[in-house]
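Structure first, then comments.
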Amino acid sequence: MLNRLLVIILLGSLPATTLSQGGAEDYNRAARMREVTRHKVWYEPMQVQWVDDGRAFIYKIQTAGGEQYFMMDINGRQKKLLFDTRKFMIAFDKASGTVTDKRELPLADLAYDAAKNVITFKAHNHSWEYDITGDNIIDKGELPAPGESLYWGTIRDEDFSKKIPSPDGKWNAYIKNSNVYIKARDNKEEIQMSFDGSPGEFYSGHIVWSPNSAHLAVSKVRPAPKRILYLVESSPEDQLQPKLHTRDYLKPGDALTQRTPVLFSIEGKKQVAVPAELIANQYSIGMFRWTKDSRAFTFEYNQRGHQQYAVYSVDAATGKVKTLISETSKTFIDYSGKKYRYDVNDSREIIWASERDGWNHLYLYDESGNVKQITRGNWVVRRVVHVDEKNRTILFEASGKNEGQDPYFIHYYRIRFDGTQLVALTAENGNHSAVFSPDYKRMVNSYSRIDQPPVTVLRDATTGKIITGVEKADIAPLLATGWQLPEVFHTKGRDGATDIWGMIIRPSNFDPGKKYPVIEYIYAGPHSSFVPKSFVTDSRGDLHQLAELGFIVVQIDGMGTSNRSKAFHDVCWRNLHDSGFPDRIQWIKDAAAKYPAMDISQVGIFGNSAGGQSSAGALLHHPDFYKVAVSSSGCHDNRMDKIWWNEQWMGYPIGEQYAQSSNVTHAHKLEGKLMLILGELDDNVDPSSTFQLVNAIIKANKVCDLLFVPGMGHSLGGDYGEHRRRDFFVKHLLGVDPPEWKDLQ
C-alpha cells in the first residue's frame, strides 16, 4: 500500500481501475520520470580514482543527505570521509557566489593531493583548490577557452613543412618542394634526400626519426580527391541569411589516398621504398614505429575491403621488408573494434588479437614468425587492461566464459604469455567493471545487472580474492517512485540453437491483465552490442518514459552484432538490411508467449542512425510483424554514408549487395506507418540519404511523415522529436489521439 501511494504521489499515476494508455496523465507522468528518479540510487561508487601512489582510493556516492566523497586504504582497514559536504558547500558558495546543490557537487576533474590534504577541481569555467584542513577554497583562475574541435572526417594535411629534429639534436628533417631534406643544425648545409616528389605525389611531413638518428621513415603520398558534404543551416542564431557548411566526407567506393613507406639512410644518403605489390589497394597505412635499438621500423597495412591486415617490418640496414603478421578473413577483419597489438621486448615478440579460430583471442608472435595461441575457448577477449612484460602476464577483460551467465557480461582474468595459469579474478553473476591500482595489484571492482543494483568490492588483482566490501547500492528510493526494474529475457534465435539476449521494460502502472503494444528500440550496428548489461535508470532513448505512455518496450541484440562468436557477427557481412530481424521477431514472439500482456499484433520500432536504417527497413522487409516505425537520422543507403563504417561491413568493391541493403531500393514495399526524423545539419549521415528515401516513397505513391528539424545535427530528434515520436506511437499503436501539447503540464 505504501509503495502504491508513493507511485501516486511521485509519478502522478491514477487508481488501477481508471488507468489509461496514451492520455495526458500518462504523458505528464513520463515527463516527470527523469527528474523523479534522479539521485535515487544510493551508495553506488562513482569517479573512483587511486591516490597517494596507490596506497588508497577515493570515490563519490549519493546518499539521502546528498553527495559524499570517501577514501579507503588498499587493505580496506580504514574508510573515512574525504571532506564534509556541508562545510565544502559553505566555502564554495562563498568563494564562487553560487548556490550548490548537495546532490550534485560541482567537482569536475577532481584530483586529491594526500600530502597537502588539498583537492583541485573545475567548476563554473574556473579552476579551484580546496584546502580540506582549513575549509578554504581558492579560485585559481578562469579556464582557457576550449580549442576548436576537429570534425571526425576531416582529412588532415600531410603536404606541410615542419622541422623535425633528430634525437641526437644534430639534424633537422623537413619537406621542401614535395621532397625530403635534412640540414645539420650546426651549419647551413642542406641535403636533399629524395628527388622523386611532386605536388601530385609528395612526401609526407610526418617524418619519423630512428632513435639513433641514422634513419628516417617517411610516406610518399599520392593524394585522392576529396568529397565534400554540403549542409545548409537555414536558421542560424547570429544572422538572418542561411549559412553553408562543408565537411570532408568520403563515401564507399571513393578513391583513397595511397601511401608508400620509404626508408632513408642519413649516412648513405639513399632511400628504399616498400615494394608496391605488398601494399596494393590499401585502405590505410600507418603506425610507423621504430624499435628502440633502431634495427627496424614497423607499419600496419589494411587492405581495402578489410579482408587482409598485415604488420610489416623494414630492416634499417638493408631496407628488406619482412611480414610479421598477416591476418586474413573470408568476410571482414574487425580492425575498428577488435584490433589489438602490443610489442614485447622491443618488438621481438608481439601480442596480437585475432578471430581466426572463430572467437576473439590473443596470440603471441616471435621474430622468427612462430605463433602461439594465448587464450582459447568459446568466449571472447574484450579488452587488454595491462601487459606485464617482466612477469609475462596479461590482465584482460573477457565475456562468455562463465556458464549460466549472460554471455555479454564482462569478467576479469590474468594469464601468462604461454597460455598457462589462467586465473579468473571475478566470478559473481553480473557485468563487472574495475579501476586498478597503479601497480595493478589491487582493483576496485563493481558488478551489477540491469535487474540488480551495483555491489563494489576491493580485490587482490593477482588472485581475485575479495579484500573487503566497499559499498552496496540501495535502490529502495528508486523503486519507491514506481520505477520498474527491467527484465532480462533470452531465447533461441533463428537457428534454434543460439541464445539471443535482450530486456523488457514495463510502465510503472503495469497491469498484467491488460494488453500493451510492443515497441522495440533498435540499434544493430555491427561495431558492438547495445543492450545495457550494468544497472542503469534508463538507456539511450528514454525507454522507461516511453513505456509510461502504455507500452512494453524491448531492446535486443540479434545476430550480426558484435561481442559473440565470429559466426554470430558475420551475419551482417554484405547484409546490413538483415539487422538481426529473424532473431528479434522470434525473441518478441517467445516473450509474448510467456507474457500475454505483450500485444504483438501491434508492434512498433524506432532507432537512430544505423538504427534509423533498421527501423525503416522493418516496414519494408517485415511489415507482417512491425506496423509502425520512427526512423531518425537514418543511413538508408550505405553508399551515401561514411566510407569507413560502411565498407567495413558491406565490403569493397561496391557491388549489388549495397543496392540490396538500401531502403531506397525497397521503398516501394512500404507498408504500415512510417515517420522519418532528420536534422538539417547532420554531418554524421548525409541528410540526402533520408531525402532520397522520401523521393523513392513518393515515386512509389506511398505515404510517410517527415519531420525536418532546422539546426539539428545527428540525433534521435531532440526534445521536440521525442514528443512527436511518442505522439506517433500513441496514435498508430494505441489508436487514440495524443493529448494537445498545451494541455500537458
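Residue numbering restarts at 1 for every chain of the C-alpha cells, chains are lettered A, B, ... in their displayed order, and ligands are numbered from 1 as they appear.
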
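If you count only C-alpha atoms and ignore residues fewer than 4 places along the chain from Pro486 of chain A, what sits within 10 Å of it is Arg449, Ile450, Asp451, Gln452, Gly502, Met503, Ile504, Ile505, Arg506, Pro507, Phe535, Val536, Thr537, Asp538, His544, Val553 and Val554 of chain A.
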
* Asked: Could you pull out all residues of segment 541-605 of chain A with a DSSP call of strand (DSSP E or B) and give them as number ranges by chain?
  -> A: 552-557, 559, 561, 598-605

Next, write the just-selected residues to a file, as an mmCIF file, in the first residue's frame, keeping N, CA, C and O atoms as the atom set.
data_model
loop_
_atom_site.group_PDB
_atom_site.id
_atom_site.type_symbol
_atom_site.label_atom_id
_atom_site.label_comp_id
_atom_site.auth_asym_id
_atom_site.auth_seq_id
_atom_site.Cartn_x
_atom_site.Cartn_y
_atom_site.Cartn_z
ATOM 1 N N ILE A 552 4.907 -1.707 -23.740
ATOM 2 C CA ILE A 552 6.019 -2.527 -23.277
ATOM 3 C C ILE A 552 7.147 -2.317 -24.275
ATOM 4 O O ILE A 552 6.955 -2.478 -25.481
ATOM 5 N N VAL A 553 8.307 -1.916 -23.765
ATOM 6 C CA VAL A 553 9.435 -1.562 -24.626
ATOM 7 C C VAL A 553 10.513 -2.628 -24.485
ATOM 8 O O VAL A 553 10.817 -3.080 -23.373
ATOM 9 N N VAL A 554 11.081 -3.028 -25.609
ATOM 10 C CA VAL A 554 12.106 -4.070 -25.594
ATOM 11 C C VAL A 554 13.344 -3.600 -26.345
ATOM 12 O O VAL A 554 13.278 -2.715 -27.210
ATOM 13 N N GLN A 555 14.480 -4.183 -25.995
ATOM 14 C CA GLN A 555 15.725 -3.956 -26.715
ATOM 15 C C GLN A 555 16.453 -5.288 -26.802
ATOM 16 O O GLN A 555 16.509 -6.043 -25.822
ATOM 17 N N ILE A 556 17.036 -5.579 -27.975
ATOM 18 C CA ILE A 556 17.547 -6.916 -28.270
ATOM 19 C C ILE A 556 18.858 -6.797 -29.045
ATOM 20 O O ILE A 556 19.015 -5.896 -29.873
ATOM 21 N N ASP A 557 19.780 -7.712 -28.785
ATOM 22 C CA ASP A 557 20.978 -7.840 -29.623
ATOM 23 C C ASP A 557 20.827 -9.088 -30.475
ATOM 24 O O ASP A 557 20.951 -10.219 -29.981
ATOM 25 N N MET A 559 21.642 -11.405 -34.165
ATOM 26 C CA MET A 559 22.824 -11.794 -34.934
ATOM 27 C C MET A 559 23.250 -10.649 -35.850
ATOM 28 O O MET A 559 22.423 -9.882 -36.328
ATOM 29 N N THR A 561 25.473 -8.432 -34.735
ATOM 30 C CA THR A 561 26.150 -7.505 -33.833
ATOM 31 C C THR A 561 27.379 -8.199 -33.245
ATOM 32 O O THR A 561 27.616 -9.391 -33.452
ATOM 33 N N MET A 598 1.851 -8.709 -23.607
ATOM 34 C CA MET A 598 2.503 -8.155 -24.792
ATOM 35 C C MET A 598 1.619 -8.398 -26.015
ATOM 36 O O MET A 598 1.397 -9.549 -26.404
ATOM 37 N N ASP A 599 1.110 -7.326 -26.586
ATOM 38 C CA ASP A 599 0.230 -7.415 -27.755
ATOM 39 C C ASP A 599 1.080 -7.319 -29.016
ATOM 40 O O ASP A 599 1.429 -6.233 -29.473
ATOM 41 N N ILE A 600 1.417 -8.473 -29.587
ATOM 42 C CA ILE A 600 2.296 -8.446 -30.754
ATOM 43 C C ILE A 600 1.518 -8.342 -32.070
ATOM 44 O O ILE A 600 2.095 -8.507 -33.143
ATOM 45 N N SER A 601 0.231 -8.018 -31.957
ATOM 46 C CA SER A 601 -0.487 -7.618 -33.171
ATOM 47 C C SER A 601 -0.232 -6.144 -33.465
ATOM 48 O O SER A 601 -0.535 -5.652 -34.551
ATOM 49 N N GLN A 602 0.342 -5.435 -32.468
ATOM 50 C CA GLN A 602 0.664 -4.017 -32.602
ATOM 51 C C GLN A 602 2.109 -3.806 -32.144
ATOM 52 O O GLN A 602 2.368 -3.545 -30.972
ATOM 53 N N VAL A 603 3.037 -3.953 -33.069
ATOM 54 C CA VAL A 603 4.456 -3.820 -32.744
ATOM 55 C C VAL A 603 5.031 -2.616 -33.479
ATOM 56 O O VAL A 603 4.879 -2.486 -34.699
ATOM 57 N N GLY A 604 5.664 -1.749 -32.722
ATOM 58 C CA GLY A 604 6.350 -0.606 -33.297
ATOM 59 C C GLY A 604 7.850 -0.735 -33.121
ATOM 60 O O GLY A 604 8.338 -1.603 -32.394
ATOM 61 N N ILE A 605 8.600 0.147 -33.774
ATOM 62 C CA ILE A 605 10.055 0.087 -33.715
ATOM 63 C C ILE A 605 10.607 1.480 -33.986
ATOM 64 O O ILE A 605 10.032 2.247 -34.760
#

Residues within 10 Å of segment 410-422 of chain A, only C-alpha atoms, excluding chain neighbours under 5 positions, as a compact mmCIF listing (two decimals) with all heavy atoms, in the first residue's frame:
# COMPACT_ATOMS: atom_id res chain seq x y z
N ILE A 351 52.08 -9.32 -29.07
CA ILE A 351 50.79 -9.86 -28.65
C ILE A 351 49.75 -9.30 -29.60
O ILE A 351 49.68 -8.08 -29.82
CB ILE A 351 50.48 -9.48 -27.20
CG1 ILE A 351 51.53 -10.07 -26.25
CG2 ILE A 351 49.09 -9.98 -26.79
CD1 ILE A 351 51.43 -9.55 -24.83
N LEU A 362 43.80 -13.91 -28.02
CA LEU A 362 45.13 -13.33 -28.06
C LEU A 362 46.15 -14.37 -28.52
O LEU A 362 46.07 -15.55 -28.16
CB LEU A 362 45.53 -12.81 -26.68
CG LEU A 362 44.65 -11.70 -26.09
CD1 LEU A 362 45.10 -11.37 -24.68
CD2 LEU A 362 44.66 -10.46 -26.97
N TYR A 363 47.13 -13.88 -29.31
CA TYR A 363 48.18 -14.73 -29.85
C TYR A 363 49.53 -14.06 -29.61
O TYR A 363 49.62 -12.83 -29.50
CB TYR A 363 47.98 -14.95 -31.35
CG TYR A 363 46.72 -15.72 -31.68
CD1 TYR A 363 45.46 -15.10 -31.66
CD2 TYR A 363 46.77 -17.07 -31.99
CE1 TYR A 363 44.31 -15.81 -31.94
CE2 TYR A 363 45.62 -17.79 -32.28
CZ TYR A 363 44.40 -17.15 -32.26
OH TYR A 363 43.26 -17.87 -32.54
N LEU A 364 50.59 -14.87 -29.55
CA LEU A 364 51.94 -14.36 -29.36
C LEU A 364 52.80 -14.75 -30.55
O LEU A 364 52.97 -15.94 -30.86
CB LEU A 364 52.54 -14.93 -28.07
CG LEU A 364 53.95 -14.43 -27.73
CD1 LEU A 364 53.91 -12.95 -27.37
CD2 LEU A 364 54.55 -15.24 -26.58
N LYS A 372 51.89 -18.58 -31.18
CA LYS A 372 51.26 -19.43 -30.19
C LYS A 372 49.97 -18.77 -29.73
O LYS A 372 49.94 -17.56 -29.50
CB LYS A 372 52.18 -19.65 -29.00
CG LYS A 372 53.46 -20.41 -29.32
CD LYS A 372 54.34 -20.57 -28.09
CE LYS A 372 55.62 -21.32 -28.41
NZ LYS A 372 56.51 -21.44 -27.22
N GLN A 373 48.92 -19.55 -29.58
CA GLN A 373 47.67 -19.02 -29.08
C GLN A 373 47.73 -18.92 -27.57
O GLN A 373 48.08 -19.88 -26.87
CB GLN A 373 46.49 -19.89 -29.51
CG GLN A 373 45.14 -19.29 -29.19
CD GLN A 373 43.99 -19.98 -29.93
OE1 GLN A 373 44.21 -20.88 -30.73
NE2 GLN A 373 42.78 -19.52 -29.66
N ILE A 374 47.39 -17.73 -27.04
CA ILE A 374 47.45 -17.49 -25.60
C ILE A 374 46.13 -17.85 -24.93
O ILE A 374 46.08 -18.61 -23.97
CB ILE A 374 47.82 -16.02 -25.30
CG1 ILE A 374 49.17 -15.67 -25.93
CG2 ILE A 374 47.85 -15.78 -23.79
CD1 ILE A 374 49.51 -14.18 -25.83
N THR A 375 45.03 -17.28 -25.43
CA THR A 375 43.71 -17.59 -24.89
C THR A 375 42.95 -18.42 -25.90
O THR A 375 43.15 -18.30 -27.11
CB THR A 375 42.92 -16.31 -24.57
OG1 THR A 375 42.75 -15.55 -25.78
CG2 THR A 375 43.66 -15.45 -23.55
N ARG A 376 42.06 -19.26 -25.42
CA ARG A 376 41.28 -20.09 -26.33
C ARG A 376 39.98 -20.54 -25.66
O ARG A 376 39.89 -20.57 -24.43
CB ARG A 376 42.08 -21.31 -26.81
CG ARG A 376 42.45 -22.29 -25.70
CD ARG A 376 43.21 -23.49 -26.26
NE ARG A 376 44.53 -23.15 -26.75
CZ ARG A 376 44.91 -23.29 -28.02
NH1 ARG A 376 44.06 -23.78 -28.91
NH2 ARG A 376 46.13 -22.97 -28.38
N VAL A 380 35.09 -14.65 -25.68
CA VAL A 380 35.81 -13.60 -26.39
C VAL A 380 36.59 -12.69 -25.45
O VAL A 380 36.12 -12.34 -24.37
CB VAL A 380 34.85 -12.73 -27.24
CG1 VAL A 380 34.18 -13.56 -28.31
CG2 VAL A 380 33.80 -12.05 -26.38
N VAL A 381 37.80 -12.34 -25.86
CA VAL A 381 38.57 -11.30 -25.18
C VAL A 381 37.98 -9.96 -25.60
O VAL A 381 37.86 -9.68 -26.79
CB VAL A 381 40.06 -11.38 -25.55
CG1 VAL A 381 40.81 -10.17 -24.99
CG2 VAL A 381 40.67 -12.68 -25.05
N ARG A 382 37.62 -9.14 -24.64
CA ARG A 382 37.00 -7.85 -24.94
C ARG A 382 38.00 -6.70 -24.91
O ARG A 382 37.91 -5.76 -25.70
CB ARG A 382 35.87 -7.57 -23.93
CG ARG A 382 34.73 -8.58 -23.99
CD ARG A 382 33.82 -8.36 -25.18
NE ARG A 382 33.07 -7.14 -25.04
CZ ARG A 382 31.89 -7.03 -24.44
NH1 ARG A 382 31.32 -8.09 -23.90
NH2 ARG A 382 31.26 -5.87 -24.39
N ARG A 383 38.97 -6.75 -23.96
CA ARG A 383 39.93 -5.65 -23.85
C ARG A 383 41.13 -6.10 -23.03
O ARG A 383 40.97 -6.80 -22.03
CB ARG A 383 39.28 -4.44 -23.16
CG ARG A 383 40.18 -3.20 -23.08
CD ARG A 383 39.41 -2.02 -22.50
NE ARG A 383 39.21 -2.15 -21.08
CZ ARG A 383 40.01 -1.60 -20.15
NH1 ARG A 383 41.07 -0.89 -20.53
NH2 ARG A 383 39.75 -1.74 -18.87
N VAL A 384 42.32 -5.73 -23.49
CA VAL A 384 43.52 -5.96 -22.69
C VAL A 384 43.71 -4.76 -21.77
O VAL A 384 43.76 -3.61 -22.23
CB VAL A 384 44.76 -6.16 -23.57
CG1 VAL A 384 46.02 -6.24 -22.72
CG2 VAL A 384 44.61 -7.43 -24.41
N VAL A 385 43.81 -5.02 -20.48
CA VAL A 385 43.95 -3.95 -19.49
C VAL A 385 45.42 -3.60 -19.27
O VAL A 385 45.80 -2.43 -19.23
CB VAL A 385 43.30 -4.37 -18.15
CG1 VAL A 385 43.53 -3.30 -17.08
CG2 VAL A 385 41.82 -4.63 -18.34
N HIS A 386 46.27 -4.64 -19.15
CA HIS A 386 47.68 -4.39 -18.82
C HIS A 386 48.52 -5.59 -19.22
O HIS A 386 48.11 -6.74 -19.07
CB HIS A 386 47.83 -4.15 -17.31
CG HIS A 386 49.24 -3.94 -16.87
ND1 HIS A 386 49.99 -2.86 -17.25
CD2 HIS A 386 50.05 -4.68 -16.05
CE1 HIS A 386 51.18 -2.92 -16.70
NE2 HIS A 386 51.24 -4.01 -15.97
N VAL A 387 49.71 -5.30 -19.76
CA VAL A 387 50.69 -6.33 -20.08
C VAL A 387 51.89 -6.14 -19.16
O VAL A 387 52.50 -5.07 -19.13
CB VAL A 387 51.13 -6.26 -21.55
CG1 VAL A 387 52.25 -7.28 -21.83
CG2 VAL A 387 49.95 -6.52 -22.48
N ASP A 388 52.21 -7.18 -18.42
CA ASP A 388 53.37 -7.16 -17.52
C ASP A 388 54.48 -7.94 -18.21
O ASP A 388 54.53 -9.17 -18.17
CB ASP A 388 52.98 -7.82 -16.19
CG ASP A 388 54.11 -7.78 -15.16
OD1 ASP A 388 55.28 -7.57 -15.56
OD2 ASP A 388 53.83 -7.99 -13.97
N GLU A 389 55.39 -7.21 -18.88
CA GLU A 389 56.45 -7.86 -19.64
C GLU A 389 57.41 -8.62 -18.72
O GLU A 389 57.89 -9.71 -19.08
CB GLU A 389 57.23 -6.83 -20.46
CG GLU A 389 56.44 -6.21 -21.60
CD GLU A 389 57.32 -5.42 -22.54
OE1 GLU A 389 58.41 -5.91 -22.92
OE2 GLU A 389 56.94 -4.29 -22.89
N ASN A 391 56.95 -10.15 -15.81
CA ASN A 391 56.39 -11.42 -15.33
C ASN A 391 55.66 -12.19 -16.42
O ASN A 391 55.13 -13.27 -16.14
CB ASN A 391 55.46 -11.16 -14.15
CG ASN A 391 56.19 -10.61 -12.94
OD1 ASN A 391 57.14 -11.21 -12.47
ND2 ASN A 391 55.75 -9.46 -12.45
N ARG A 392 55.62 -11.59 -17.62
CA ARG A 392 55.00 -12.22 -18.80
C ARG A 392 53.56 -12.67 -18.51
O ARG A 392 53.17 -13.82 -18.72
CB ARG A 392 55.85 -13.39 -19.31
CG ARG A 392 57.21 -12.93 -19.81
CD ARG A 392 58.05 -14.06 -20.36
NE ARG A 392 57.54 -14.59 -21.62
CZ ARG A 392 57.73 -14.05 -22.82
NH1 ARG A 392 58.41 -12.91 -22.93
NH2 ARG A 392 57.26 -14.62 -23.91
N THR A 393 52.79 -11.71 -18.02
CA THR A 393 51.37 -11.95 -17.77
C THR A 393 50.54 -10.87 -18.43
O THR A 393 51.01 -9.76 -18.67
CB THR A 393 51.05 -11.99 -16.27
OG1 THR A 393 51.38 -10.72 -15.68
CG2 THR A 393 51.80 -13.10 -15.56
N ILE A 394 49.28 -11.20 -18.71
CA ILE A 394 48.34 -10.28 -19.34
C ILE A 394 47.09 -10.20 -18.48
O ILE A 394 46.52 -11.23 -18.08
CB ILE A 394 47.95 -10.76 -20.76
CG1 ILE A 394 49.20 -10.95 -21.62
CG2 ILE A 394 46.99 -9.77 -21.42
CD1 ILE A 394 48.91 -11.67 -22.93
N LEU A 395 46.66 -9.01 -18.20
CA LEU A 395 45.42 -8.75 -17.48
C LEU A 395 44.39 -8.30 -18.51
O LEU A 395 44.65 -7.37 -19.27
CB LEU A 395 45.65 -7.66 -16.43
CG LEU A 395 44.48 -7.22 -15.56
CD1 LEU A 395 43.98 -8.37 -14.69
CD2 LEU A 395 44.91 -6.05 -14.69
N PHE A 396 43.24 -8.96 -18.57
CA PHE A 396 42.30 -8.64 -19.64
C PHE A 396 40.85 -8.84 -19.21
O PHE A 396 40.55 -9.49 -18.21
CB PHE A 396 42.59 -9.50 -20.88
CG PHE A 396 42.38 -10.98 -20.71
CD1 PHE A 396 41.19 -11.59 -21.08
CD2 PHE A 396 43.39 -11.79 -20.18
CE1 PHE A 396 41.00 -12.95 -20.94
CE2 PHE A 396 43.21 -13.16 -20.02
CZ PHE A 396 42.02 -13.74 -20.41
N GLU A 397 39.96 -8.23 -20.00
CA GLU A 397 38.52 -8.41 -19.86
C GLU A 397 38.05 -9.43 -20.90
O GLU A 397 38.57 -9.46 -22.02
CB GLU A 397 37.77 -7.10 -20.12
CG GLU A 397 38.06 -6.00 -19.13
CD GLU A 397 37.37 -4.70 -19.49
OE1 GLU A 397 36.87 -4.60 -20.64
OE2 GLU A 397 37.34 -3.79 -18.64
N ALA A 398 37.08 -10.24 -20.53
CA ALA A 398 36.51 -11.21 -21.46
C ALA A 398 35.05 -11.43 -21.11
O ALA A 398 34.60 -11.12 -20.00
CB ALA A 398 37.27 -12.53 -21.41
N SER A 399 34.31 -11.98 -22.06
CA SER A 399 32.91 -12.31 -21.79
C SER A 399 32.57 -13.64 -22.45
O SER A 399 33.19 -14.05 -23.43
CB SER A 399 31.98 -11.21 -22.31
OG SER A 399 32.14 -11.00 -23.69
N GLY A 400 31.57 -14.31 -21.87
CA GLY A 400 31.09 -15.56 -22.43
C GLY A 400 31.71 -16.80 -21.82
O GLY A 400 31.36 -17.92 -22.22
N LYS A 401 32.63 -16.64 -20.89
CA LYS A 401 33.32 -17.80 -20.32
C LYS A 401 32.57 -18.41 -19.15
O LYS A 401 32.73 -19.60 -18.86
CB LYS A 401 34.74 -17.40 -19.89
CG LYS A 401 35.58 -18.57 -19.40
CD LYS A 401 37.04 -18.19 -19.25
CE LYS A 401 37.85 -19.31 -18.59
NZ LYS A 401 37.72 -20.59 -19.32
N ASN A 402 31.74 -17.63 -18.48
CA ASN A 402 31.04 -18.11 -17.27
C ASN A 402 29.72 -18.75 -17.65
O ASN A 402 28.75 -18.07 -18.00
CB ASN A 402 30.81 -16.95 -16.30
CG ASN A 402 32.10 -16.40 -15.74
OD1 ASN A 402 32.97 -15.97 -16.49
ND2 ASN A 402 32.23 -16.42 -14.43
N ALA A 427 33.88 -13.55 -10.51
CA ALA A 427 33.01 -14.70 -10.78
C ALA A 427 31.54 -14.39 -10.59
O ALA A 427 30.68 -15.07 -11.15
CB ALA A 427 33.41 -15.88 -9.88
N GLU A 428 31.21 -13.37 -9.81
CA GLU A 428 29.81 -13.08 -9.48
C GLU A 428 28.98 -12.85 -10.75
O GLU A 428 29.47 -12.30 -11.74
CB GLU A 428 29.74 -11.85 -8.58
CG GLU A 428 30.38 -12.05 -7.22
CD GLU A 428 31.87 -11.80 -7.22
OE1 GLU A 428 32.43 -11.52 -8.30
OE2 GLU A 428 32.49 -11.89 -6.15
N ASN A 429 27.73 -13.26 -10.68
CA ASN A 429 26.82 -13.19 -11.82
C ASN A 429 26.39 -11.74 -12.06
O ASN A 429 25.40 -11.26 -11.51
CB ASN A 429 25.60 -14.07 -11.57
CG ASN A 429 24.70 -14.17 -12.80
OD1 ASN A 429 25.03 -13.68 -13.88
ND2 ASN A 429 23.56 -14.82 -12.64
N GLY A 430 27.17 -11.03 -12.87
CA GLY A 430 26.90 -9.64 -13.18
C GLY A 430 27.91 -9.12 -14.17
O GLY A 430 28.88 -9.80 -14.52
N ASN A 431 27.69 -7.90 -14.61
CA ASN A 431 28.63 -7.25 -15.52
C ASN A 431 29.63 -6.47 -14.68
O ASN A 431 29.26 -5.62 -13.87
CB ASN A 431 27.87 -6.30 -16.45
CG ASN A 431 28.68 -5.88 -17.64
OD1 ASN A 431 29.38 -6.69 -18.24
ND2 ASN A 431 28.59 -4.61 -18.01
N HIS A 432 30.91 -6.76 -14.88
CA HIS A 432 31.95 -6.23 -14.00
C HIS A 432 32.71 -5.08 -14.64
O HIS A 432 32.95 -5.07 -15.85
CB HIS A 432 32.94 -7.34 -13.64
CG HIS A 432 32.39 -8.38 -12.72
ND1 HIS A 432 32.75 -8.48 -11.40
CD2 HIS A 432 31.46 -9.36 -12.93
CE1 HIS A 432 32.10 -9.48 -10.83
NE2 HIS A 432 31.31 -10.03 -11.75
N SER A 433 33.08 -4.12 -13.80
CA SER A 433 34.00 -3.07 -14.20
C SER A 433 35.01 -2.91 -13.08
O SER A 433 34.73 -3.28 -11.93
CB SER A 433 33.27 -1.75 -14.46
OG SER A 433 32.65 -1.27 -13.28
N ALA A 434 36.18 -2.38 -13.39
CA ALA A 434 37.22 -2.29 -12.37
C ALA A 434 38.12 -1.10 -12.63
O ALA A 434 38.36 -0.71 -13.78
CB ALA A 434 38.04 -3.57 -12.33
N ASN A 445 36.38 -3.15 -7.75
CA ASN A 445 35.55 -3.91 -8.67
C ASN A 445 34.07 -3.71 -8.35
O ASN A 445 33.63 -3.94 -7.23
CB ASN A 445 35.92 -5.39 -8.59
CG ASN A 445 34.95 -6.31 -9.30
OD1 ASN A 445 34.64 -7.38 -8.81
ND2 ASN A 445 34.45 -5.91 -10.45
N TYR A 447 30.13 -4.69 -9.73
CA TYR A 447 29.37 -5.57 -10.61
C TYR A 447 27.88 -5.38 -10.38
O TYR A 447 27.43 -5.10 -9.27
CB TYR A 447 29.78 -7.03 -10.44
CG TYR A 447 29.62 -7.59 -9.05
CD1 TYR A 447 28.45 -8.24 -8.65
CD2 TYR A 447 30.67 -7.49 -8.14
CE1 TYR A 447 28.32 -8.76 -7.38
CE2 TYR A 447 30.54 -8.01 -6.85
CZ TYR A 447 29.37 -8.64 -6.48
OH TYR A 447 29.24 -9.16 -5.21
N ALA A 461 44.23 -8.13 -7.15
CA ALA A 461 44.17 -8.27 -8.61
C ALA A 461 45.07 -9.37 -9.15
O ALA A 461 45.16 -9.55 -10.36
CB ALA A 461 44.53 -6.94 -9.28
N THR A 462 45.71 -10.11 -8.26
CA THR A 462 46.51 -11.27 -8.69
C THR A 462 45.73 -12.56 -8.50
O THR A 462 45.76 -13.44 -9.35
CB THR A 462 47.82 -11.34 -7.88
OG1 THR A 462 48.56 -10.13 -8.08
CG2 THR A 462 48.67 -12.52 -8.35
N THR A 463 44.98 -12.64 -7.41
CA THR A 463 44.23 -13.86 -7.11
C THR A 463 42.73 -13.70 -7.30
O THR A 463 42.02 -14.70 -7.46
CB THR A 463 44.48 -14.29 -5.65
OG1 THR A 463 43.95 -13.27 -4.78
CG2 THR A 463 45.97 -14.45 -5.39
N GLY A 464 42.23 -12.47 -7.27
CA GLY A 464 40.80 -12.22 -7.33
C GLY A 464 40.12 -12.26 -5.97
O GLY A 464 38.92 -11.99 -5.87
N LYS A 533 23.92 -3.84 -19.88
CA LYS A 533 24.20 -5.01 -19.03
C LYS A 533 24.41 -4.61 -17.57
O LYS A 533 24.20 -5.43 -16.68
CB LYS A 533 25.43 -5.76 -19.55
CG LYS A 533 25.25 -6.32 -20.94
CD LYS A 533 24.09 -7.29 -21.02
CE LYS A 533 23.77 -7.69 -22.44
NZ LYS A 533 22.59 -8.61 -22.52
N SER A 534 24.85 -3.39 -17.33
CA SER A 534 25.01 -2.90 -15.96
C SER A 534 23.76 -2.14 -15.55
O SER A 534 22.96 -1.71 -16.39
CB SER A 534 26.23 -1.98 -15.87
OG SER A 534 27.41 -2.69 -16.15

* Structure fact -> Using only C-alpha atoms, the shortest atom-to-atom distance to Pro242 of chain A among A:Pro710, A:Gly717, A:Val41, A:Ala273 belongs to A:Pro710

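Taking only C-alpha atoms, the non-local environment of Lys472 of chain A within 8 Å (same-chain residues fewer than 5 positions away omitted) comprises Tyr43, Glu44, Pro453, Pro454, Val455 and Thr456 of chain A.
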
Please produce a file of the residues just selected, as a PDB file, in the first residue's frame, where the atoms kept are C-alpha atoms.
ATOM      1  CA  TYR A  43      25.806   4.139  -2.223  1.00  0.00           C
ATOM      2  CA  GLU A  44      26.970   3.423  -5.772  1.00  0.00           C
ATOM      3  CA  PRO A 453      21.998  -2.864  -8.211  1.00  0.00           C
ATOM      4  CA  PRO A 454      25.788  -2.491  -8.037  1.00  0.00           C
ATOM      5  CA  VAL A 455      27.982  -4.142  -5.440  1.00  0.00           C
ATOM      6  CA  THR A 456      31.503  -2.750  -5.087  1.00  0.00           C
TER       7      THR A 456
END

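For Asn75 of chain A, the set of protein, DNA and RNA residues having any atom at most 9 Å away, when counting only C-alpha atoms and skipping those fewer than 5 positions along the same chain, is Arg55, Ala56, Leu458, Ile467 and Thr468 of chain A.
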
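Distances here use only C-alpha atoms; by that measure, the residue among A:Met89, A:Ser528, A:Ser508, A:Cys635 closest to Leu479 of chain A is A:Ser508.
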